[in-house]
Amino acid sequence: MYKVVLLMLVIAMNGCTPRPPADAPPNTASSPTDPQVKIDDATSSKLDEILALRTGWPAGQAAGRTRALIAQQFLGTPYVANRLIGSQHTPEQLVIDFRGLDCFTYIDYVEALSQADTRAGFVRRLIRTRYVNGEVSFQQRKHFFTDWAQRPAAVAKDITAQLSPHAVTLNKNLNEKADGSRYLPGLDNLRRSVTYIPSDHVDAKVLAQLRTGDYIGIYTNLPGLDVTHTGIFVMTDGGPVLRNASSRKENMRVVDSPFMDYVLATPGILVLRPL
């Protein structure tokens with residue numbers, strides 16, 4: 001979520017950022033302005049199934065619980081990289097395809113479904129979630145995790161700094177590689193302050209403040225990037241997990257990863273709380 005126009009960064013652990021151009025998957029939306037969005041049969045069936053499930057959930061159910069239950073419906077879905085269509089030279093398409101997910105499209109769909117009761121509502125919310133001011137274009141796509149909190153219309157609040165006194169804030173030039181070239185040609189570089197909690201400070205106090213349904217970004221020290229992976233925090237009966245579309249060789253699907261085990265093997269985390 002056309003032609004590959006850049007060399008992909010190989011990240012052995014995650015491999016899921018930024019949102020790069022990709023070859024077009026079949027049966028995606030024909031036009032962002034077409035109210036009759038074309039969706040493949042498998043996605044159509046899954047979408048109707050999730051919308052039907054939503055009608056049976058309690059009206060007063062916590063929003064985080066709703067997100068967790070929606071995210072649960074995708075467990076086992078294959079991981080497929082680079083799901084979105086659009087680049088410097090290729091018109092953006094509104095992709096809606098549940099047959100394979102990367103870590104960004106996974107959370108896109110979960111967030112949009114958490115705010116929608118109908119197909120039309122889902123499409124509207126997906127556009128709002130994925131694009132700045134609902135403009136379906138490559139330039140206005142929210143390519144970076146922190147875009148969700150820092151570009152309009154925001155869908156989440158960055159609460160990372162308030163979770164720990166050990167949070168670190170750095171200025172980054174998003175999209176600019178160490179050699180000065182761009183991860184995404186045709187996209188302007190974006191100067192931004194990025195705050196994360198180093199993994200050795202993700203302790204019991206931080207964990208106690210996280211809520212089911214929070215969106216988690218895995219911070220990276222690499223220039224030009226804010227995170228290398230994303231997922232959803234869920235407190236289960238067996239303990240906290242990162243529900244995520246995993247590109248790890250042993251997974252290659254949507255899985256629940258033990259949260260602390262996962263985080264302690266990374267540089268740290270960013271936390272966005274849905275609005």
# chains A, B, ... in the order shown; residues from 1 in each chain; ligands from 1
call {"tool": "residues_around", "arguments": {"residues": "stretch 63-71 of chain A", "least_positions_apart": "5", "cutoff": "8 Å", "atoms": "only C-alpha atoms", "output": "PyMOL selection string"}}
result
chain A and resi 50+110-111+113-114+211-214+232+234+243
call {"tool": "closest_residue", "arguments": {"among": "A:Ala120, A:Val271, A:Asp261, A:Val255", "to": "A:Ser164", "atoms": "only C-alpha atoms"}}
result
A:Val271
call {"tool": "residues_around", "arguments": {"residues": "A:Gln140", "least_positions_apart": "4", "cutoff": "10 Å", "atoms": "only C-alpha atoms", "output": "PyMOL selection string"}}
result
chain A and resi 92+130-136+151-152+187
call {"tool": "residues_around", "arguments": {"residues": "A:Val202", "least_positions_apart": "5", "cutoff": "10 Å", "atoms": "only C-alpha atoms", "output": "list in words"}}
result
Leu163, Ser164, His166, Ala167, Ile197, Leu207, Met260, Val263, Leu264, Gly268 and Ile269 of chain A
call {"tool": "select_by_dssp", "arguments": {"residues": "stretch 19-242 of chain A", "states": "alpha helix (DSSP H)", "output": "VMD selection string"}}
result
chain A and resid 41 to 55 63 to 72 103 to 114 119 to 130 147 to 150 160 to 163 204 to 209
call {"tool": "closest_residue", "arguments": {"among": "A:Leu53, A:Val241, A:Val206, A:Ile39", "to": "A:Asp117", "atoms": "only C-alpha atoms"}}
result
A:Leu53
call {"tool": "select_by_dssp", "arguments": {"residues": "stretch 153-242 of chain A", "states": "strand (DSSP E)", "output": "ChimeraX atom specification"}}
result
/A:156-158,168-174,190-198,215-219,227-236,239-242
call {"tool": "closest_residue", "arguments": {"among": "A:Ala42, A:Val37, A:Ile107, A:Leu270", "to": "A:Lys157", "atoms": "only C-alpha atoms"}}
result
A:Leu270
call {"tool": "closest_residue", "arguments": {"among": "A:Lys172, A:Arg192, A:Arg273, A:Lys205", "to": "A:Thr220", "atoms": "only C-alpha atoms"}}
result
A:Lys172
call {"tool": "closest_residue", "arguments": {"among": "A:Leu242, A:Val95, A:Ile127, A:Leu225", "to": "A:Tyr183", "atoms": "only C-alpha atoms"}}
result
A:Leu225
call {"tool": "atom_distance", "arguments": {"atom1": "atom CA of A:Asn189", "atom2": "atom CA of A:Thr146"}}
result
13.9 Å
call {"tool": "residues_around", "arguments": {"residues": "A:Gly238", "least_positions_apart": "2", "cutoff": "12 Å", "atoms": "only C-alpha atoms", "output": "MDAnalysis selection string"}}
result
chainID A and resid 234:236 240:241 256:259
call {"tool": "atom_distance", "arguments": {"atom1": "atom CA of A:Phe144", "atom2": "atom CA of A:Pro18"}}
result
5.9 Å
